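A.B. asks: Handing over my_file_20.csv, CSV, C-alpha atoms and all ligand atoms.
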```
chain,number,residue,atom,x,y,z
A,1019,MET,CA,125.6,60.9,111.9
A,1020,LYS,CA,127.2,58.1,114.0
A,1021,ASN,CA,130.0,56.0,112.6
A,1022,LEU,CA,131.5,52.7,113.7
A,1023,PHE,CA,134.3,54.4,115.7
A,1024,ASP,CA,131.7,56.1,117.9
A,1025,TYR,CA,131.4,52.6,119.5
A,1026,ASN,CA,134.0,51.0,121.7
A,1027,ILE,CA,134.5,47.3,121.6
A,1028,ASP,CA,131.7,46.5,124.0
A,1029,GLY,CA,129.4,48.8,122.0
A,1030,LEU,CA,130.4,47.0,118.8
A,1031,GLN,CA,129.6,43.7,120.3
A,1032,GLU,CA,126.1,44.8,121.2
A,1033,LEU,CA,125.6,46.2,117.8
A,1034,LEU,CA,126.7,42.9,116.2
A,1035,LEU,CA,124.2,41.0,118.2
A,1036,THR,CA,121.4,43.2,117.0
A,1037,ILE,CA,122.2,42.4,113.4
A,1038,GLY,CA,122.7,38.7,114.0
A,1039,GLU,CA,126.4,38.5,113.8
A,1040,PRO,CA,129.0,36.9,116.2
A,1041,LYS,CA,130.4,39.3,118.7
A,1042,PHE,CA,134.0,38.2,118.2
A,1043,ARG,CA,134.0,40.3,115.0
A,1044,ALA,CA,133.9,43.4,117.3
A,1045,LYS,CA,137.6,43.3,118.0
A,1046,GLN,CA,138.4,42.7,114.4
A,1047,ILE,CA,136.4,45.7,113.3
A,1048,TYR,CA,137.9,47.9,116.0
A,1049,ALA,CA,141.4,46.9,115.0
A,1050,ASN,CA,140.6,47.8,111.4
A,1051,LEU,CA,139.3,51.2,112.5
A,1052,VAL,CA,142.5,51.8,114.5
A,1053,LEU,CA,144.4,51.2,111.3
A,1054,GLY,CA,142.3,53.9,109.6
A,1055,LYS,CA,140.5,51.4,107.3
A,1056,ALA,CA,137.1,52.1,105.7
A,1057,ILE,CA,134.5,49.3,105.9
A,1058,THR,CA,135.2,48.2,102.3
A,1059,GLU,CA,138.9,47.9,103.1
A,1060,MET,CA,138.5,45.5,106.0
A,1061,THR,CA,139.9,42.4,104.4
A,1062,ASP,CA,139.3,40.0,107.4
A,1063,ILE,CA,135.5,40.8,107.6
A,1064,PRO,CA,133.0,38.8,105.5
A,1065,ASN,CA,131.3,40.7,102.7
A,1066,SER,CA,127.9,39.9,104.1
A,1067,LEU,CA,128.8,41.6,107.3
A,1068,LYS,CA,130.3,44.6,105.5
A,1069,GLN,CA,127.1,45.0,103.6
A,1070,LYS,CA,125.0,45.1,106.8
A,1071,LEU,CA,127.4,47.7,108.3
A,1072,LEU,CA,127.2,49.8,105.1
A,1073,GLU,CA,123.4,50.0,105.5
A,1074,GLN,CA,123.9,51.8,108.8
A,1075,PHE,CA,127.2,53.6,108.6
A,1076,PRO,CA,129.3,55.5,106.1
A,1077,ASP,CA,132.1,53.5,104.5
A,1078,ALA,CA,134.7,55.9,105.9
A,1079,PRO,CA,133.8,58.5,108.5
A,1080,VAL,CA,136.6,60.7,107.4
A,1081,LYS,CA,138.5,60.8,104.1
A,1082,ILE,CA,141.6,62.8,103.1
A,1083,HIS,CA,140.3,65.3,100.7
A,1084,LYS,CA,143.5,67.2,100.1
A,1085,LYS,CA,147.0,67.1,101.3
A,1086,LEU,CA,149.7,69.7,101.1
A,1087,THR,CA,153.3,69.3,102.2
A,1088,SER,CA,155.3,72.3,103.2
A,1089,THR,CA,159.0,72.9,102.5
A,1090,ASP,CA,159.7,72.3,106.2
A,1091,GLY,CA,157.9,68.9,106.2
A,1092,THR,CA,154.7,70.1,107.8
A,1093,VAL,CA,151.7,68.4,106.3
A,1094,LYS,CA,148.3,70.0,106.1
A,1095,TYR,CA,145.2,68.0,105.4
A,1096,LEU,CA,141.7,68.9,104.5
A,1097,PHE,CA,139.6,66.0,105.9
A,1098,GLU,CA,136.2,65.4,104.4
A,1099,LEU,CA,133.5,64.1,106.8
A,1100,ALA,CA,130.7,61.8,105.6
A,1101,ASP,CA,128.3,64.7,105.3
A,1102,LYS,CA,130.9,66.5,103.1
A,1103,ASN,CA,131.9,69.0,105.7
A,1104,ILE,CA,135.6,69.9,105.6
A,1105,VAL,CA,137.9,70.3,108.6
A,1106,GLU,CA,141.6,71.0,108.7
A,1107,GLY,CA,144.4,69.0,110.3
A,1108,VAL,CA,148.2,69.5,110.4
A,1109,ILE,CA,151.1,67.2,111.2
A,1110,MET,CA,154.3,68.7,112.4
A,1111,THR,CA,157.5,66.6,112.7
A,1112,TYR,CA,159.7,67.1,115.6
A,1113,LYS,CA,162.8,65.3,116.9
A,1114,TYR,CA,160.7,63.2,119.3
A,1115,GLY,CA,157.9,62.3,116.8
A,1116,LYS,CA,154.9,63.7,115.0
A,1117,THR,CA,152.4,66.0,116.5
A,1118,GLN,CA,148.9,66.2,114.9
A,1119,CYS,CA,146.9,69.3,115.3
A,1120,ILE,CA,143.2,68.5,115.1
A,1121,SER,CA,139.9,70.3,114.7
A,1122,THR,CA,137.2,69.5,117.2
A,1123,GLN,CA,134.3,71.4,115.5
A,1124,VAL,CA,133.4,72.4,112.0
A,1125,GLY,CA,133.7,76.2,112.4
A,1126,CYS,CA,133.4,77.7,115.9
A,1127,ARG,CA,131.0,79.9,117.8
A,1128,MET,CA,133.5,81.7,120.0
A,1129,GLY,CA,133.9,84.7,117.7
A,1130,CYS,CA,137.5,85.6,118.4
A,1131,LYS,CA,138.2,88.6,116.3
A,1132,PHE,CA,141.5,87.4,114.8
A,1133,CYS,CA,140.6,83.9,114.0
A,1134,ALA,CA,139.6,82.5,110.6
A,1135,SER,CA,137.8,79.4,112.0
A,1136,THR,CA,135.0,81.4,113.5
A,1137,LEU,CA,134.2,83.7,110.6
A,1138,ASN,CA,131.1,81.6,109.6
A,1139,GLY,CA,130.1,80.5,113.1
A,1140,LEU,CA,129.7,76.9,114.3
A,1141,ILE,CA,128.4,74.4,111.8
A,1142,ARG,CA,128.6,71.3,114.0
A,1143,ASN,CA,130.6,69.3,116.5
A,1144,LEU,CA,132.8,66.4,115.4
A,1145,THR,CA,131.8,63.1,117.0
A,1146,LYS,CA,134.2,61.0,119.1
A,1147,GLY,CA,134.3,58.5,116.2
A,1148,GLU,CA,135.2,61.2,113.7
A,1149,LEU,CA,138.0,62.5,116.0
A,1150,LEU,CA,139.4,59.0,116.5
A,1151,PHE,CA,139.3,58.2,112.8
A,1152,THR,CA,141.0,61.5,111.9
A,1153,VAL,CA,144.0,60.4,114.1
A,1154,ALA,CA,143.9,56.8,112.7
A,1155,LEU,CA,143.8,58.0,109.2
A,1156,ALA,CA,146.7,60.5,109.6
A,1157,ASN,CA,148.7,57.8,111.4
A,1158,ARG,CA,148.1,55.5,108.5
A,1159,ASP,CA,149.0,58.2,106.0
A,1160,CYS,CA,152.3,58.7,107.7
A,1161,GLY,CA,153.1,55.0,107.3
A,1162,GLY,CA,152.2,54.1,110.9
A,1163,ASN,CA,150.0,51.3,112.1
A,1164,ALA,CA,148.7,50.0,115.5
A,1165,LYS,CA,152.2,48.8,116.6
A,1166,LYS,CA,154.4,51.4,114.9
A,1167,ARG,CA,152.7,54.5,115.9
A,1168,GLU,CA,153.7,57.6,114.0
A,1169,ILE,CA,151.5,60.1,115.7
A,1170,THR,CA,152.9,60.5,119.2
A,1171,ASN,CA,151.4,63.8,120.3
A,1172,LEU,CA,148.2,65.7,119.7
A,1173,VAL,CA,147.3,69.3,120.0
A,1174,LEU,CA,143.6,70.3,120.0
A,1175,MET,CA,144.3,73.6,118.3
A,1176,GLY,CA,142.6,73.3,115.0
A,1177,SER,CA,139.2,74.8,114.3
A,1178,GLY,CA,136.7,74.8,117.1
A,1179,GLU,CA,136.6,75.1,120.9
A,1180,PRO,CA,137.3,71.7,122.4
A,1181,LEU,CA,135.5,72.4,125.6
A,1182,ASP,CA,132.5,73.5,123.7
A,1183,ASN,CA,132.3,69.9,122.4
A,1184,TYR,CA,133.1,68.4,125.8
A,1185,ASP,CA,130.9,65.3,125.5
A,1186,GLU,CA,132.7,64.1,122.4
A,1187,VAL,CA,136.2,65.4,123.0
A,1188,ILE,CA,136.8,63.9,126.5
A,1189,PRO,CA,135.5,60.4,125.6
A,1190,PHE,CA,137.7,60.6,122.4
A,1191,LEU,CA,140.8,61.3,124.5
A,1192,LYS,CA,140.0,58.5,126.9
A,1193,GLU,CA,139.4,56.0,124.0
A,1194,LEU,CA,142.6,57.1,122.2
A,1195,ALA,CA,144.7,56.4,125.3
A,1196,LYS,CA,143.6,52.8,125.4
A,1197,PRO,CA,146.2,50.1,124.4
A,1198,GLU,CA,143.7,48.6,121.9
A,1199,ASN,CA,143.5,52.1,120.3
A,1200,LEU,CA,146.6,54.2,119.4
A,1201,ASN,CA,147.7,54.4,123.1
A,1202,VAL,CA,148.3,58.2,123.0
A,1203,SER,CA,148.7,59.2,126.6
A,1204,PRO,CA,146.9,62.4,127.7
A,1205,ARG,CA,150.4,63.5,128.8
A,1206,ASN,CA,151.1,63.9,125.1
A,1207,VAL,CA,147.9,65.9,124.5
A,1208,SER,CA,147.6,69.7,124.7
A,1209,LEU,CA,144.0,70.9,124.9
A,1210,SER,CA,143.6,74.6,124.1
A,1211,THR,CA,140.6,76.5,125.3
A,1212,CYS,CA,139.5,80.1,125.1
A,1213,GLY,CA,138.7,79.8,128.8
A,1214,LEU,CA,135.4,78.1,129.3
A,1215,VAL,CA,135.8,78.2,133.1
A,1216,ASP,CA,133.0,75.8,134.1
A,1217,LYS,CA,134.3,73.2,131.7
A,1218,MET,CA,137.9,73.8,132.9
A,1219,TYR,CA,136.7,72.7,136.4
A,1220,LYS,CA,134.9,69.7,135.0
A,1221,LEU,CA,138.0,68.8,133.1
A,1222,THR,CA,140.1,68.9,136.2
A,1223,ASN,CA,137.9,66.3,137.7
A,1224,GLU,CA,138.4,63.8,134.8
A,1225,GLY,CA,141.8,62.7,136.1
A,1226,LEU,CA,143.3,63.2,132.6
A,1227,PRO,CA,146.9,64.4,132.9
A,1228,LEU,CA,146.5,66.7,129.9
A,1229,ASN,CA,148.5,69.8,129.1
A,1230,LEU,CA,146.0,72.5,129.7
A,1231,THR,CA,146.5,75.5,127.4
A,1232,VAL,CA,144.5,78.7,127.7
A,1233,SER,CA,144.2,81.5,125.2
A,1234,LEU,CA,144.7,84.6,127.1
A,1235,HIS,CA,145.6,87.2,124.5
A,1236,ALA,CA,145.0,90.2,126.8
A,1237,THR,CA,145.9,91.4,130.3
A,1238,SER,CA,142.6,93.1,131.2
A,1239,ASP,CA,139.0,92.0,130.8
A,1240,GLU,CA,138.3,95.3,129.0
A,1241,LYS,CA,140.9,94.6,126.4
A,1242,ARG,CA,140.1,90.9,126.2
A,1243,LYS,CA,136.4,91.6,125.5
A,1244,LYS,CA,137.5,93.6,122.4
A,1245,ILE,CA,139.1,90.6,120.8
A,1246,MET,CA,137.4,87.6,122.5
A,1247,PRO,CA,133.6,87.8,123.1
A,1248,ILE,CA,133.9,84.9,125.6
A,1249,ALA,CA,135.6,87.4,127.9
A,1250,SER,CA,132.1,88.8,128.7
A,1251,ALA,CA,131.2,85.5,130.2
A,1252,TYR,CA,134.4,84.7,132.2
A,1253,SER,CA,136.9,87.1,133.7
A,1254,ILE,CA,140.6,86.7,133.6
A,1255,SER,CA,140.6,86.3,137.4
A,1256,GLN,CA,138.1,83.4,137.1
A,1257,ILE,CA,140.4,81.8,134.5
A,1258,LEU,CA,143.5,82.2,136.7
A,1259,GLU,CA,141.6,80.7,139.6
A,1260,ALA,CA,140.5,77.7,137.4
A,1261,CYS,CA,144.1,77.3,136.3
A,1262,ARG,CA,145.4,77.3,139.9
A,1263,HIS,CA,142.8,74.7,140.8
A,1264,TYR,CA,144.0,72.6,137.8
A,1265,PHE,CA,147.5,72.8,139.1
A,1266,SER,CA,146.6,72.0,142.7
A,1267,VAL,CA,144.7,68.9,141.7
A,1268,THR,CA,146.9,67.6,138.8
A,1269,GLY,CA,150.3,69.0,139.7
A,1270,ARG,CA,150.6,70.0,136.0
A,1271,ARG,CA,151.9,73.4,135.0
A,1272,PHE,CA,149.6,75.2,132.5
A,1273,ILE,CA,150.3,77.2,129.4
A,1274,PHE,CA,148.9,80.5,128.2
A,1275,GLU,CA,148.7,81.3,124.6
A,1276,TYR,CA,149.2,85.0,123.7
A,1277,SER,CA,148.8,85.9,120.0
A,1278,LEU,CA,150.5,89.2,119.4
A,1279,VAL,CA,148.3,91.6,117.5
A,1280,LYS,CA,150.0,94.8,116.4
A,1281,GLY,CA,148.9,97.8,118.3
A,1282,VAL,CA,146.3,95.9,120.3
A,1283,ASN,CA,148.2,93.7,122.9
A,1284,ASP,CA,151.8,93.8,121.9
A,1285,GLY,CA,153.0,97.0,123.6
A,1286,GLU,CA,155.5,97.5,126.4
A,1287,ALA,CA,152.7,98.2,128.9
A,1288,ASP,CA,151.1,94.9,127.9
A,1289,ALA,CA,154.3,93.0,128.6
A,1290,LYS,CA,154.5,94.7,132.0
A,1291,GLU,CA,150.9,93.9,132.9
A,1292,LEU,CA,151.3,90.3,131.8
A,1293,ILE,CA,154.3,90.0,134.1
A,1294,SER,CA,152.4,91.2,137.1
A,1295,LEU,CA,149.3,89.1,136.2
A,1296,LEU,CA,151.2,85.8,135.9
A,1297,LYS,CA,154.0,86.4,138.4
A,1298,GLY,CA,154.5,83.3,140.6
A,1299,LEU,CA,152.1,81.1,138.7
A,1300,PRO,CA,153.3,77.7,137.6
A,1301,CYS,CA,152.8,78.6,133.9
A,1302,HIS,CA,154.5,79.1,130.6
A,1303,VAL,CA,153.6,81.7,127.9
A,1304,ASN,CA,153.5,80.7,124.3
A,1305,LEU,CA,153.7,83.8,122.2
A,1306,ILE,CA,152.1,83.4,118.8
A,1307,ARG,CA,152.8,85.7,115.9
A,1308,LEU,CA,149.5,86.7,114.5
A,1309,ASN,CA,148.6,84.9,111.3
A,1310,GLU,CA,146.9,87.7,109.4
A,1311,VAL,CA,143.4,86.9,108.3
A,1312,GLU,CA,142.4,89.3,105.6
A,1313,GLU,CA,138.7,89.7,106.8
A,1314,THR,CA,139.7,90.7,110.3
A,1315,GLY,CA,141.8,93.7,109.4
A,1316,LEU,CA,144.2,92.9,112.3
A,1317,LYS,CA,147.9,93.1,111.7
A,1318,ALA,CA,150.9,91.2,112.9
A,1319,GLY,CA,154.0,92.9,114.4
A,1320,THR,CA,157.5,92.1,113.3
A,1321,ASN,CA,159.4,89.1,114.4
A,1322,LYS,CA,161.8,91.4,116.2
A,1323,SER,CA,158.9,92.9,118.2
A,1324,ALA,CA,157.7,89.3,119.1
A,1325,TYR,CA,161.1,88.4,120.5
A,1326,ALA,CA,161.4,91.7,122.3
A,1327,PHE,CA,158.1,91.0,124.0
A,1328,MET,CA,159.4,87.5,124.9
A,1329,ASN,CA,162.6,89.0,126.3
A,1330,LYS,CA,160.6,91.4,128.5
A,1331,LEU,CA,158.6,88.5,129.9
A,1332,ASN,CA,161.7,86.4,130.6
A,1333,GLU,CA,163.4,89.4,132.2
A,1334,GLY,CA,160.3,89.8,134.4
A,1335,GLY,CA,160.6,86.2,135.5
A,1336,ILE,CA,157.9,84.7,133.3
A,1337,SER,CA,158.8,81.7,131.2
A,1338,ALA,CA,158.0,82.5,127.6
A,1339,THR,CA,158.8,81.4,124.1
A,1340,VAL,CA,157.7,82.4,120.6
A,1341,ARG,CA,156.0,79.6,118.8
A,1342,ARG,CA,157.9,78.4,115.7
A,1343,LEU,CA,156.3,79.2,112.4
A,1344,MET,CA,155.6,75.9,110.6
A,1345,GLY,CA,153.9,75.4,107.3
A,1346,SER,CA,153.3,79.0,106.6
A,1347,ASP,CA,153.8,78.5,102.9
A,1348,ILE,CA,150.8,76.1,102.9
A,1349,GLU,CA,148.4,78.2,105.0
A,1350,GLY,CA,149.4,76.1,108.0
A,1351,ALA,CA,147.5,78.1,110.5
A,1352,CYS,CA,144.1,78.7,112.0
A,1353,GLY,CA,141.4,77.7,109.6
A,1354,GLN,CA,142.8,79.5,106.6
A,1355,LEU,CA,143.1,76.6,104.3
A,1356,ARG,CA,139.6,75.5,104.8
A,1357,ASN,CA,138.3,79.0,104.3
A,1358,LYS,CA,140.1,79.3,101.0
A,1359,TYR,CA,138.7,75.9,100.0
A,1360,VAL,CA,135.1,76.6,100.9
A,1361,GLY,CA,135.4,80.1,99.6
A,1362,GLY,CA,134.5,81.6,102.9
A,1363,SER,CA,131.0,80.1,102.7
A,1364,ASN,CA,129.7,77.2,104.6
A,1365,ASN,CA,128.9,75.0,101.7
B,1,LIG,N1,139.4,77.3,120.6
B,1,LIG,C1,140.7,77.0,121.2
B,1,LIG,C2,141.7,76.6,120.1
B,1,LIG,C3,142.0,77.7,119.1
B,1,LIG,S1,143.4,77.6,118.0
B,1,LIG,C4,141.3,78.2,121.9
B,1,LIG,O1,140.7,79.3,121.8
B,1,LIG,O2,142.3,78.1,122.5
B,1,LIG,C5,144.8,77.7,118.9
B,1,LIG,C6,145.3,79.1,119.2
B,1,LIG,O3,145.5,79.9,118.1
B,1,LIG,C7,144.4,79.9,120.1
B,1,LIG,O4,145.2,80.5,121.1
B,1,LIG,C8,143.8,80.9,119.2
B,1,LIG,O5,143.4,82.0,119.9
B,1,LIG,C9,145.0,81.2,118.3
B,1,LIG,N2,144.7,81.8,117.0
B,1,LIG,C10,143.5,81.7,116.3
B,1,LIG,N3,143.6,82.4,115.2
B,1,LIG,C11,144.8,83.0,115.2
B,1,LIG,C12,145.5,83.8,114.2
B,1,LIG,N4,145.0,84.2,113.1
B,1,LIG,N5,146.8,84.2,114.5
B,1,LIG,C13,147.4,83.8,115.7
B,1,LIG,N6,146.8,83.0,116.6
B,1,LIG,C14,145.5,82.6,116.3
```
Show me, as structure tokens, the structure contained in the file I just sent.

C.D. replies:
Amino acid sequence: MKNLFDYNIDGLQELLLTIGEPKFRAKQIYANLVLGKAITEMTDIPNSLKQKLLEQFPDAPVKIHKKLTSTDGTVKYLFELADKNIVEGVIMTYKYGKTQCISTQVGCRMGCKFCASTLNGLIRNLTKGELLFTVALANRDCGGNAKKREITNLVLMGSGEPLDNYDEVIPFLKELAKPENLNVSPRNVSLSTCGLVDKMYKLTNEGLPLNLTVSLHATSDEKRKKIMPIASAYSISQILEACRHYFSVTGRRFIFEYSLVKGVNDGEADAKELISLLKGLPCHVNLIRLNEVEETGLKAGTNKSAYAFMNKLNEGGISATVRRLMGSDIEGACGQLRNKYVGGSNN
């Protein structure tokens, strides 16, 4: 279902003409959307126009269904879409500003063995307008507005595979970067993919200076296939080639995510293989301590072993850090809050 934020200002102008309204209202409506306002909250729009809009569109494309604040200040949201589907979002506060982690799909069809978001498969893609409104709403909820922007950075690391929803996600990022929107530069956006190689090439040609992040999680195709079904479609060498291409075109270093799963990919031999695989590449490795998801049966190692793995990589000349744990007291990771809420079912 489309919502008003699926239209840009030109699109809104056309829409207004079809319902017999003056096109100057388009900018007003758009400005309200950027503030995260529902149609009924738009105080500068006449009631008669609001009524016409409500005949075609949901009042708010996204609502805050639930909000949890962690002892470390991390805020976790359950957002409710107009069709009652629920997606998660997280806001983490750093020295330089706030980073919002957003979901690009309801569920996911990538089937990674350790991930909670994919347990029930893909339900649907989020639209560009829903993605935009999620950011606007969170910005509003943090006390921000169009001038005083609270959300400075975005990571596309919530539920879903962003490149599997390419046609909504890329226009979303382009729209979000506009001065009349929240002006979030792609430089402040990290897009995480499980390695959809053809889409990685397509992305390279968009001219968006994003931070490209790839979920590697294993050093051989054989091992990767055991935890990531997508590894049967694209090999690690194809992924590395696409990353090199990204760097040669954009000049931007890329990041690999590596979630440490006890006894699966966190051994000394794995560290050694990772060093030889990535040696000389303009990349950084983000080590993630596994967030245990009961249904998967996979276990996390100790913090000590994560740092030992990091030290090995660093000693081997690979830049690597262990990702900070934030909001773990509020199920701050990887689809777990939504799953608890919907009881593991899709409804
Ligand atoms: N679909 C995107 C975004 C996924 S979420 C992708 O695959 O990159 C961001 C990161 O968290 C990915 O690296 C993902 O593999 C990882 N992840 C998912 N579930 C996890 C879990 N339970 N513990 C640790 N990392 C997890």

A.B. asks: Determine, counting all atoms listed in the file, which protein, DNA and RNA residues have an atom within 9 Å of an atom of Lys1146 (chain A); residues of the same chain fewer than 4 positions away are not included. Present the result as a list in words.

C.D. replies: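 In the requested form, the answer reads Phe1023, Asp1024, Tyr1025, Leu1150, Phe1151, Asp1185, Glu1186, Val1187, Ile1188, Pro1189, Phe1190, Leu1191 and Glu1193 of chain A.
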
A.B. asks: Please find the residues contacting ligand LIG 1 (chain B) at a distance of at most 7 Å between atoms, with only C-alpha atoms and all ligand atoms counted, and report them as a PyMOL selection string.

C.D. replies: chain A and resi 1132-1134+1174-1180+1210-1212+1231-1233+1275-1277+1306-1311+1352

A.B. asks: When you look at Thr1092 (chain A) with a cut-off of 10 Å (counting all atoms listed in the file), what residues show up, excluding the ones that are within fewer than 2 positions of it in the same chain? I need them as a list of chain:residue names.

C.D. replies: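 Contacts, with the query itself left out: A:Leu1086, A:Thr1087, A:Ser1088, A:Thr1089, A:Asp1090, A:Lys1094, A:Val1108, A:Ile1109, A:Met1110, A:Thr1111, A:Tyr1112, A:Lys1116, A:Thr1117, A:Gln1118, A:Met1344, A:Gly1345, A:Ser1346, A:Asp1347, A:Ile1348, A:Gly1350.
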
A.B. asks: With distances taken over all atoms listed in the file, which residue among A:Asp1182, A:Glu1059, A:Glu1032, A:Glu1198 lies nearest Gln1123 (chain A)?

C.D. replies: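 Under the stated criterion, the closest residue is A:Asp1182.
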
A.B. asks: How many Å lie between CA of Leu1099 (chain A) and CA of Glu1073 (chain A), rounded to one decimal?

C.D. replies: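 Between CA of Leu1099 (chain A) and CA of Glu1073 (chain A) the gap is 17.4 Å.
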
A.B. asks: Hey, can you check how far CA of Ile1169 (chain A) sits from CA of Glu1148 (chain A)?

C.D. replies: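 CA of Ile1169 (chain A) sits 16.5 Å away from CA of Glu1148 (chain A).
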
A.B. asks: Take CA of Val1207 (chain A) and CA of Ile1047 (chain A) and report the distance between them in Å, one decimal.

C.D. replies: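 Taking CA of Val1207 (chain A) as the start and CA of Ile1047 (chain A) as the end point, the length is 25.8 Å.
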
A.B. asks: Nearest to Ala1154 (chain A) among A:Lys1045, A:Lys1131, A:Lys1055, A:Lys1196, with distances taken over only C-alpha atoms: which residue is it?

C.D. replies: A:Lys1055

A.B. asks: Given the choices A:Leu1331, A:Leu1181, A:Cys1130, A:Cys1261, which gets closest to Thr1314 (chain A) if the distance is worked out from all atoms listed in the file?

C.D. replies: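 Nearest candidate to Thr1314 (chain A) out of A:Leu1331, A:Leu1181, A:Cys1130, A:Cys1261: A:Cys1130.
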
A.B. asks: Using only C-alpha atoms, which of A:Ala1289, A:Leu1228, A:Lys1241, A:Leu1295 sits nearest Leu1258 (chain A)?

C.D. replies: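 Closest candidate: A:Leu1295.
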
A.B. asks: Using all atoms listed in the file, which of the listed residues (A:Asn1103, A:Asn1283, A:Asn1329, A:Asn1201) sits closest to Lys1166 (chain A)?

C.D. replies: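 Distance minimum relative to Lys1166 (chain A) lands on A:Asn1201.
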
A.B. asks: Which one of A:Tyr1252, A:Phe1327, A:Tyr1184, A:Phe1097 sits closest to Lys1220 (chain A) if you count only C-alpha atoms?

C.D. replies: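 Answer, going by the shortest atom-to-atom distance: A:Tyr1184.
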
A.B. asks: Give me the residues near region 1155-1160 of chain A as a short mmCIF file (atom, residue, chain, number, x, y, z; two decimals) with C-alpha atoms, keeping the file's coordinate frame, where near means some atom within 7 Å (using all atoms listed in the file) and where sequence neighbours in that chain fewer than 5 positions away do not count.

C.D. replies:
```
data_model
loop_
_atom_site.label_atom_id
_atom_site.label_comp_id
_atom_site.auth_asym_id
_atom_site.auth_seq_id
_atom_site.Cartn_x
_atom_site.Cartn_y
_atom_site.Cartn_z
CA LEU A 1053 144.40 51.20 111.30
CA GLY A 1054 142.30 53.90 109.60
CA ARG A 1167 152.70 54.50 115.90
CA GLU A 1168 153.70 57.60 114.00
CA ILE A 1169 151.50 60.10 115.70
#
```

A.B. asks: Quick one: residues within 12 Å of Ser1294 (chain A), all atoms listed in the file counted, chain neighbours fewer than 3 positions away excluded, as a list in words?

C.D. replies: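 Neighbouring residues, sequence-local ones excluded: Thr1237, Ser1238, Ala1287, Asp1288, Ala1289, Lys1290, Glu1291, Lys1297, Gly1298, Leu1299, Lys1330, Leu1331, Gly1334, Gly1335 and Ile1336 of chain A.
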
A.B. asks: Can I get the selected residues back with C-alpha atoms, as a short mmCIF file (atom, residue, chain, number, x, y, z; two decimals), keeping the file's coordinate frame?

C.D. replies:
```cif
data_model
loop_
_atom_site.label_atom_id
_atom_site.label_comp_id
_atom_site.auth_asym_id
_atom_site.auth_seq_id
_atom_site.Cartn_x
_atom_site.Cartn_y
_atom_site.Cartn_z
CA THR A 1237 145.90 91.40 130.30
CA SER A 1238 142.60 93.10 131.20
CA ALA A 1287 152.70 98.20 128.90
CA ASP A 1288 151.10 94.90 127.90
CA ALA A 1289 154.30 93.00 128.60
CA LYS A 1290 154.50 94.70 132.00
CA GLU A 1291 150.90 93.90 132.90
CA LYS A 1297 154.00 86.40 138.40
CA GLY A 1298 154.50 83.30 140.60
CA LEU A 1299 152.10 81.10 138.70
CA LYS A 1330 160.60 91.40 128.50
CA LEU A 1331 158.60 88.50 129.90
CA GLY A 1334 160.30 89.80 134.40
CA GLY A 1335 160.60 86.20 135.50
CA ILE A 1336 157.90 84.70 133.30
#
```

A.B. asks: List as a ChimeraX atom specification the protein and nucleic acid residues near Thr1136 (chain A), meaning an atom at most 6 Å away when all atoms listed in the file are counted, but skip any in the same chain fewer than 3 places from it.

C.D. replies: /A:1125-1126,1129,1139
